$ cat upload-v2.pdb   # PDB, C-alpha atoms
ATOM      1  CA  MET I   1     -47.017  -5.536  47.499
ATOM      2  CA  VAL I   2     -45.950  -1.972  48.243
ATOM      3  CA  GLY I   3     -46.326   0.333  45.273
ATOM      4  CA  THR I   4     -44.509   3.380  44.062
ATOM      5  CA  ALA I   5     -45.851   6.944  43.921
ATOM      6  CA  LEU I   6     -45.299   8.845  40.686
ATOM      7  CA  CYS I   7     -45.671  12.553  40.053
ATOM      8  CA  VAL I   8     -46.059  14.236  36.659
ATOM      9  CA  SER I   9     -46.850  17.891  36.030
ATOM     10  CA  ARG I  10     -47.683  20.036  33.040
ATOM     11  CA  ARG I  11     -48.700  23.632  32.378
ATOM     12  CA  PHE I  12     -51.590  24.458  30.059
ATOM     13  CA  SER I  13     -52.594  27.742  28.460
ATOM     14  CA  ALA I  14     -56.248  26.795  29.005
ATOM     15  CA  PRO I  15     -58.053  27.942  32.160
ATOM     16  CA  PRO I  16     -58.516  25.466  35.041
ATOM     17  CA  GLU I  17     -62.225  25.015  34.206
ATOM     18  CA  ARG I  18     -61.466  23.676  30.695
ATOM     19  CA  VAL I  19     -58.674  21.399  31.905
ATOM     20  CA  PHE I  20     -60.859  19.968  34.685
ATOM     21  CA  HIS I  21     -63.813  19.488  32.297
ATOM     22  CA  ALA I  22     -61.578  17.483  29.931
ATOM     23  CA  TRP I  23     -61.242  14.764  32.605
ATOM     24  CA  LEU I  24     -64.986  14.275  33.096
ATOM     25  CA  ASP I  25     -66.487  14.842  29.633
ATOM     26  CA  ALA I  26     -66.666  11.422  27.933
ATOM     27  CA  GLN I  27     -66.258  12.709  24.387
ATOM     28  CA  MET I  28     -63.246  14.851  25.221
ATOM     29  CA  ALA I  29     -61.617  12.356  27.628
ATOM     30  CA  GLY I  30     -61.902   9.579  25.046
ATOM     31  CA  ARG I  31     -59.582  11.533  22.772
ATOM     32  CA  TRP I  32     -56.654  11.660  25.204
ATOM     33  CA  LEU I  33     -57.165   9.740  28.480
ATOM     34  CA  PHE I  34     -55.658   6.244  28.000
ATOM     35  CA  ALA I  35     -55.727   6.999  24.258
ATOM     36  CA  THR I  36     -52.955   7.688  21.780
ATOM     37  CA  ALA I  37     -52.861  10.087  18.838
ATOM     38  CA  LEU I  38     -53.665   7.249  16.452
ATOM     39  CA  ARG I  39     -56.048   5.302  18.676
ATOM     40  CA  PRO I  40     -58.825   7.068  20.587
ATOM     41  CA  MET I  41     -60.813   4.969  23.038
ATOM     42  CA  ALA I  42     -63.333   2.551  21.549
ATOM     43  CA  ARG I  43     -65.828   3.183  24.357
ATOM     44  CA  VAL I  44     -65.982   5.651  27.237
ATOM     45  CA  GLU I  45     -68.466   5.735  30.113
ATOM     46  CA  ILE I  46     -68.181   8.371  32.836
ATOM     47  CA  ASP I  47     -70.483   8.843  35.831
ATOM     48  CA  ALA I  48     -68.877  12.076  37.080
ATOM     49  CA  ARG I  49     -69.875  12.156  40.743
ATOM     50  CA  VAL I  50     -68.293  11.052  43.995
ATOM     51  CA  ALA I  51     -68.708   7.245  44.150
ATOM     52  CA  GLY I  52     -69.467   7.307  40.410
ATOM     53  CA  SER I  53     -67.371   5.170  38.109
ATOM     54  CA  PHE I  54     -65.693   5.274  34.732
ATOM     55  CA  CYS I  55     -64.737   2.748  32.075
ATOM     56  CA  PHE I  56     -62.428   3.346  29.112
ATOM     57  CA  VAL I  57     -62.195   0.512  26.591
ATOM     58  CA  ASP I  58     -59.127   0.338  24.361
ATOM     59  CA  ARG I  59     -59.112  -2.029  21.375
ATOM     60  CA  GLN I  60     -55.635  -3.095  20.263
ATOM     61  CA  ASP I  61     -55.603  -5.453  17.318
ATOM     62  CA  ARG I  62     -57.977  -8.218  18.484
ATOM     63  CA  ALA I  63     -57.575  -7.574  22.218
ATOM     64  CA  THR I  64     -59.430  -5.142  24.447
ATOM     65  CA  ILE I  65     -58.134  -3.478  27.586
ATOM     66  CA  GLU I  66     -60.463  -1.867  30.119
ATOM     67  CA  HIS I  67     -59.361   0.958  32.402
ATOM     68  CA  THR I  68     -61.884   1.308  35.224
ATOM     69  CA  GLY I  69     -62.179   3.161  38.478
ATOM     70  CA  GLN I  70     -64.286   5.078  40.926
ATOM     71  CA  TYR I  71     -64.273   8.782  41.770
ATOM     72  CA  ILE I  72     -63.287   9.411  45.392
ATOM     73  CA  GLU I  73     -63.177  13.203  45.416
ATOM     74  CA  ILE I  74     -64.347  15.851  42.938
ATOM     75  CA  VAL I  75     -63.633  19.509  43.677
ATOM     76  CA  PRO I  76     -64.625  21.377  40.501
ATOM     77  CA  HIS I  77     -61.783  23.000  38.627
ATOM     78  CA  ARG I  78     -59.237  22.149  41.354
ATOM     79  CA  ARG I  79     -58.989  18.488  42.352
ATOM     80  CA  LEU I  80     -59.992  15.048  41.147
ATOM     81  CA  VAL I  81     -59.155  11.788  42.948
ATOM     82  CA  PHE I  82     -60.027   8.336  41.648
ATOM     83  CA  THR I  83     -59.074   4.685  41.851
ATOM     84  CA  LEU I  84     -57.709   3.026  38.748
ATOM     85  CA  CYS I  85     -57.600  -0.609  37.712
ATOM     86  CA  THR I  86     -56.708  -2.190  34.387
ATOM     87  CA  ASP I  87     -58.215  -5.545  33.534
ATOM     88  CA  ASN I  88     -54.829  -6.980  32.544
ATOM     89  CA  ARG I  89     -53.758  -6.426  36.213
ATOM     90  CA  PRO I  90     -57.083  -6.780  38.070
ATOM     91  CA  HIS I  91     -55.478  -7.356  41.484
ATOM     92  CA  VAL I  92     -53.712  -3.952  41.355
ATOM     93  CA  ILE I  93     -55.875  -0.992  42.366
ATOM     94  CA  THR I  94     -54.060   2.312  42.284
ATOM     95  CA  ARG I  95     -55.059   5.856  43.277
ATOM     96  CA  VAL I  96     -54.704   8.924  41.058
ATOM     97  CA  MET I  97     -54.887  12.499  42.315
ATOM     98  CA  VAL I  98     -55.104  15.402  39.863
ATOM     99  CA  GLU I  99     -54.596  18.896  41.231
ATOM    100  CA  ILE I 100     -55.105  21.968  39.060
ATOM    101  CA  ALA I 101     -53.902  25.426  40.076
ATOM    102  CA  ALA I 102     -54.657  28.654  38.224
ATOM    103  CA  ARG I 103     -51.632  30.502  36.862
ATOM    104  CA  LYS I 104     -51.296  33.894  35.219
ATOM    105  CA  ASN I 105     -51.654  32.424  31.717
ATOM    106  CA  GLY I 106     -53.629  29.210  32.192
ATOM    107  CA  CYS I 107     -52.991  26.582  34.838
ATOM    108  CA  GLU I 108     -50.661  23.933  36.151
ATOM    109  CA  LEU I 109     -51.732  20.332  36.612
ATOM    110  CA  VAL I 110     -49.937  18.017  39.031
ATOM    111  CA  LEU I 111     -50.825  14.330  38.811
ATOM    112  CA  THR I 112     -49.826  11.909  41.569
ATOM    113  CA  HIS I 113     -50.348   8.194  40.937
ATOM    114  CA  GLU I 114     -49.992   6.019  44.055
ATOM    115  CA  ASN I 115     -49.529   2.281  44.581
ATOM    116  CA  VAL I 116     -48.051   1.690  41.109
ATOM    117  CA  PRO I 117     -46.242  -1.674  40.972
ATOM    118  CA  PRO I 118     -42.478  -0.923  40.922
ATOM    119  CA  ASP I 119     -41.952  -2.988  37.757
ATOM    120  CA  TYR I 120     -44.590  -0.865  36.017
ATOM    121  CA  ALA I 121     -43.499   2.576  37.318
ATOM    122  CA  ASN I 122     -41.357   3.781  34.396
ATOM    123  CA  TYR I 123     -43.949   2.672  31.837
ATOM    124  CA  THR I 124     -46.768   4.314  33.813
ATOM    125  CA  LYS I 125     -44.905   7.598  34.211
ATOM    126  CA  GLY I 126     -44.185   7.632  30.486
ATOM    127  CA  ARG I 127     -47.839   6.958  29.683
ATOM    128  CA  TRP I 128     -49.039   9.801  31.945
ATOM    129  CA  THR I 129     -46.502  12.150  30.348
ATOM    130  CA  GLY I 130     -47.843  11.172  26.932
ATOM    131  CA  MET I 131     -51.464  11.449  28.017
ATOM    132  CA  LEU I 132     -50.958  14.927  29.465
ATOM    133  CA  TYR I 133     -49.310  15.933  26.196
ATOM    134  CA  GLY I 134     -52.418  14.555  24.451
ATOM    135  CA  LEU I 135     -54.599  16.566  26.814
ATOM    136  CA  GLY I 136     -52.741  19.710  25.722
ATOM    137  CA  VAL I 137     -53.257  18.866  22.039
ATOM    138  CA  THR I 138     -56.953  18.137  22.690
ATOM    139  CA  LEU I 139     -57.427  21.434  24.528
ATOM    140  CA  ASP I 140     -55.634  23.360  21.768
ATOM    141  CA  SER I 141     -57.712  21.715  19.024
ATOM    142  CA  SER I 142     -61.071  22.145  20.777
ATOM    143  CA  GLY I 143     -60.406  25.817  21.227
TER
END
$ encode --input "upload-v2.pdb" --output "structure tokens"
Amino acid sequence: MVGTALCVSRRFSAPPERVFHAWLDAQMAGRWLFATALRPMARVEIDARVAGSFCFVDRQDRATIEHTGQYIEIVPHRRLVFTLCTDNRPHVITRVMVEIAARKNGCELVLTHENVPPDYANYTKGRWTGMLYGLGVTLDSSG
């Protein structure tokens, strides 16, 4: 199956270092990455190195969903590339690239998510938009 590539961007008032750190710090990432405002992740494990892996466990009612992947590229404060798989679609492995560029007052983050199943593209783009909003709230509240 050929997947779709999605692109979502957002500007943050925080410096690139803080935005980048929020992706790899388990406590901070668990508040916004794959989480919602009312439901932080139940468990987060991050081995933040190239070839290291991550696992985010989301508990919804009685079900659990695991978001897992492996880090392909880590360029501090500028670029993060990883694979992503969700256990409810284990045969679909996608690739996410996060690029962060310094701006006069903060930074801009551009996220590209490749190989997304076409029937899942609108939902996935909406989720990333929501998660990046959550990242902004997390950065603002952790001052």
$ resolve_selection --input "upload-v2.pdb" --expression "the PyMOL selection byres ((chain I and resi 123-132) around 7)" --output "PyMOL selection string"
chain I and resi 6+8+32-34+120-122+133-136
$ closest_residue --input "upload-v2.pdb" --among "I:Thr86, I:Thr4, I:Ser53, I:Ser13" --to "Ala101 of chain I" --atoms "all atoms listed in the file"
I:Ser13
$ atom_distance --input "upload-v2.pdb" --atom1 "atom CA of Phe82 of chain I" --atom2 "atom CA of Gly3 of chain I"
16.3 Å
$ closest_residue --input "upload-v2.pdb" --among "I:Ala51, I:Leu139, I:Ala5, I:Val116" --to "His91 of chain I" --atoms "all atoms listed in the file"
I:Val116
$ closest_residue --input "upload-v2.pdb" --among "I:Glu17, I:Cys55, I:Ala26, I:Gln60" --to "Arg39 of chain I" --atoms "all atoms listed in the file"
I:Gln60
$ closest_residue --input "upload-v2.pdb" --among "I:Cys7, I:Asp47, I:Pro76, I:Pro15" --to "Asn105 of chain I" --atoms "all atoms listed in the file"
I:Pro15
$ build_atoms --input "upload-v2.pdb" --residues "segment 103-114 of chain I" --atoms "all heavy atoms" --output "mmCIF file, keeping the file's coordinate frame"
data_model
loop_
_atom_site.group_PDB
_atom_site.id
_atom_site.type_symbol
_atom_site.label_atom_id
_atom_site.label_comp_id
_atom_site.auth_asym_id
_atom_site.auth_seq_id
_atom_site.Cartn_x
_atom_site.Cartn_y
_atom_site.Cartn_z
ATOM 1 N N ARG I 103 -52.864 29.735 37.045
ATOM 2 C CA ARG I 103 -51.632 30.502 36.862
ATOM 3 C C ARG I 103 -51.977 31.733 36.032
ATOM 4 O O ARG I 103 -53.065 31.828 35.478
ATOM 5 C CB ARG I 103 -50.555 29.665 36.155
ATOM 6 C CG ARG I 103 -50.112 28.449 36.957
ATOM 7 C CD ARG I 103 -49.306 28.868 38.176
ATOM 8 N NE ARG I 103 -48.854 27.742 38.948
ATOM 9 C CZ ARG I 103 -49.261 27.459 40.182
ATOM 10 N NH1 ARG I 103 -50.150 28.217 40.776
ATOM 11 N NH2 ARG I 103 -48.794 26.429 40.827
ATOM 12 N N LYS I 104 -51.044 32.640 35.931
ATOM 13 C CA LYS I 104 -51.296 33.894 35.219
ATOM 14 C C LYS I 104 -51.835 33.651 33.805
ATOM 15 O O LYS I 104 -52.797 34.270 33.400
ATOM 16 C CB LYS I 104 -50.016 34.729 35.160
ATOM 17 C CG LYS I 104 -50.222 36.093 34.548
ATOM 18 C CD LYS I 104 -48.968 36.925 34.609
ATOM 19 C CE LYS I 104 -49.232 38.292 34.002
ATOM 20 N NZ LYS I 104 -48.038 39.120 34.029
ATOM 21 N N ASN I 105 -51.219 32.740 33.083
ATOM 22 C CA ASN I 105 -51.654 32.424 31.717
ATOM 23 C C ASN I 105 -52.057 30.958 31.620
ATOM 24 O O ASN I 105 -51.367 30.162 31.010
ATOM 25 C CB ASN I 105 -50.548 32.740 30.708
ATOM 26 C CG ASN I 105 -50.234 34.207 30.638
ATOM 27 O OD1 ASN I 105 -51.152 35.026 30.601
ATOM 28 N ND2 ASN I 105 -48.963 34.549 30.643
ATOM 29 N N GLY I 106 -53.163 30.585 32.257
ATOM 30 C CA GLY I 106 -53.629 29.210 32.192
ATOM 31 C C GLY I 106 -53.612 28.528 33.537
ATOM 32 O O GLY I 106 -54.101 29.071 34.524
ATOM 33 N N CYS I 107 -53.019 27.330 33.578
ATOM 34 C CA CYS I 107 -52.991 26.582 34.838
ATOM 35 C C CYS I 107 -51.867 25.564 34.827
ATOM 36 O O CYS I 107 -51.268 25.284 33.796
ATOM 37 C CB CYS I 107 -54.334 25.894 35.065
ATOM 38 S SG CYS I 107 -54.730 24.610 33.867
ATOM 39 N N GLU I 108 -51.621 25.011 36.008
ATOM 40 C CA GLU I 108 -50.661 23.933 36.151
ATOM 41 C C GLU I 108 -51.386 22.732 36.728
ATOM 42 O O GLU I 108 -52.163 22.863 37.678
ATOM 43 C CB GLU I 108 -49.516 24.333 37.070
ATOM 44 C CG GLU I 108 -48.478 23.240 37.213
ATOM 45 C CD GLU I 108 -47.269 23.662 38.025
ATOM 46 O OE1 GLU I 108 -47.333 24.703 38.718
ATOM 47 O OE2 GLU I 108 -46.267 22.939 37.970
ATOM 48 N N LEU I 109 -51.133 21.580 36.154
ATOM 49 C CA LEU I 109 -51.732 20.332 36.612
ATOM 50 C C LEU I 109 -50.624 19.466 37.200
ATOM 51 O O LEU I 109 -49.573 19.288 36.580
ATOM 52 C CB LEU I 109 -52.397 19.612 35.439
ATOM 53 C CG LEU I 109 -53.128 18.315 35.752
ATOM 54 C CD1 LEU I 109 -54.310 18.139 34.807
ATOM 55 C CD2 LEU I 109 -52.209 17.110 35.640
ATOM 56 N N VAL I 110 -50.862 18.959 38.401
ATOM 57 C CA VAL I 110 -49.937 18.017 39.031
ATOM 58 C C VAL I 110 -50.708 16.713 39.251
ATOM 59 O O VAL I 110 -51.753 16.706 39.905
ATOM 60 C CB VAL I 110 -49.385 18.556 40.371
ATOM 61 C CG1 VAL I 110 -48.504 17.509 41.037
ATOM 62 C CG2 VAL I 110 -48.614 19.858 40.145
ATOM 63 N N LEU I 111 -50.194 15.642 38.697
ATOM 64 C CA LEU I 111 -50.825 14.330 38.811
ATOM 65 C C LEU I 111 -49.937 13.446 39.676
ATOM 66 O O LEU I 111 -48.741 13.323 39.411
ATOM 67 C CB LEU I 111 -50.991 13.715 37.416
ATOM 68 C CG LEU I 111 -51.661 12.345 37.380
ATOM 69 C CD1 LEU I 111 -52.564 12.251 36.161
ATOM 70 C CD2 LEU I 111 -50.634 11.214 37.357
ATOM 71 N N THR I 112 -50.531 12.853 40.708
ATOM 72 C CA THR I 112 -49.826 11.909 41.569
ATOM 73 C C THR I 112 -50.538 10.562 41.453
ATOM 74 O O THR I 112 -51.748 10.484 41.648
ATOM 75 C CB THR I 112 -49.834 12.392 43.037
ATOM 76 O OG1 THR I 112 -49.282 13.709 43.081
ATOM 77 C CG2 THR I 112 -49.025 11.464 43.915
ATOM 78 N N HIS I 113 -49.792 9.540 41.108
ATOM 79 C CA HIS I 113 -50.348 8.194 40.937
ATOM 80 C C HIS I 113 -49.694 7.291 41.985
ATOM 81 O O HIS I 113 -48.488 7.074 41.952
ATOM 82 C CB HIS I 113 -50.055 7.698 39.523
ATOM 83 C CG HIS I 113 -50.808 6.471 39.142
ATOM 84 N ND1 HIS I 113 -50.942 6.080 37.840
ATOM 85 C CD2 HIS I 113 -51.479 5.539 39.866
ATOM 86 C CE1 HIS I 113 -51.645 4.963 37.773
ATOM 87 N NE2 HIS I 113 -51.980 4.614 39.005
ATOM 88 N N GLU I 114 -50.498 6.798 42.924
ATOM 89 C CA GLU I 114 -49.992 6.019 44.055
ATOM 90 C C GLU I 114 -50.254 4.530 43.882
ATOM 91 O O GLU I 114 -51.201 4.129 43.221
ATOM 92 C CB GLU I 114 -50.667 6.496 45.346
ATOM 93 C CG GLU I 114 -50.402 7.957 45.651
ATOM 94 C CD GLU I 114 -51.239 8.476 46.798
ATOM 95 O OE1 GLU I 114 -52.299 7.877 47.115
ATOM 96 O OE2 GLU I 114 -50.844 9.496 47.387
#
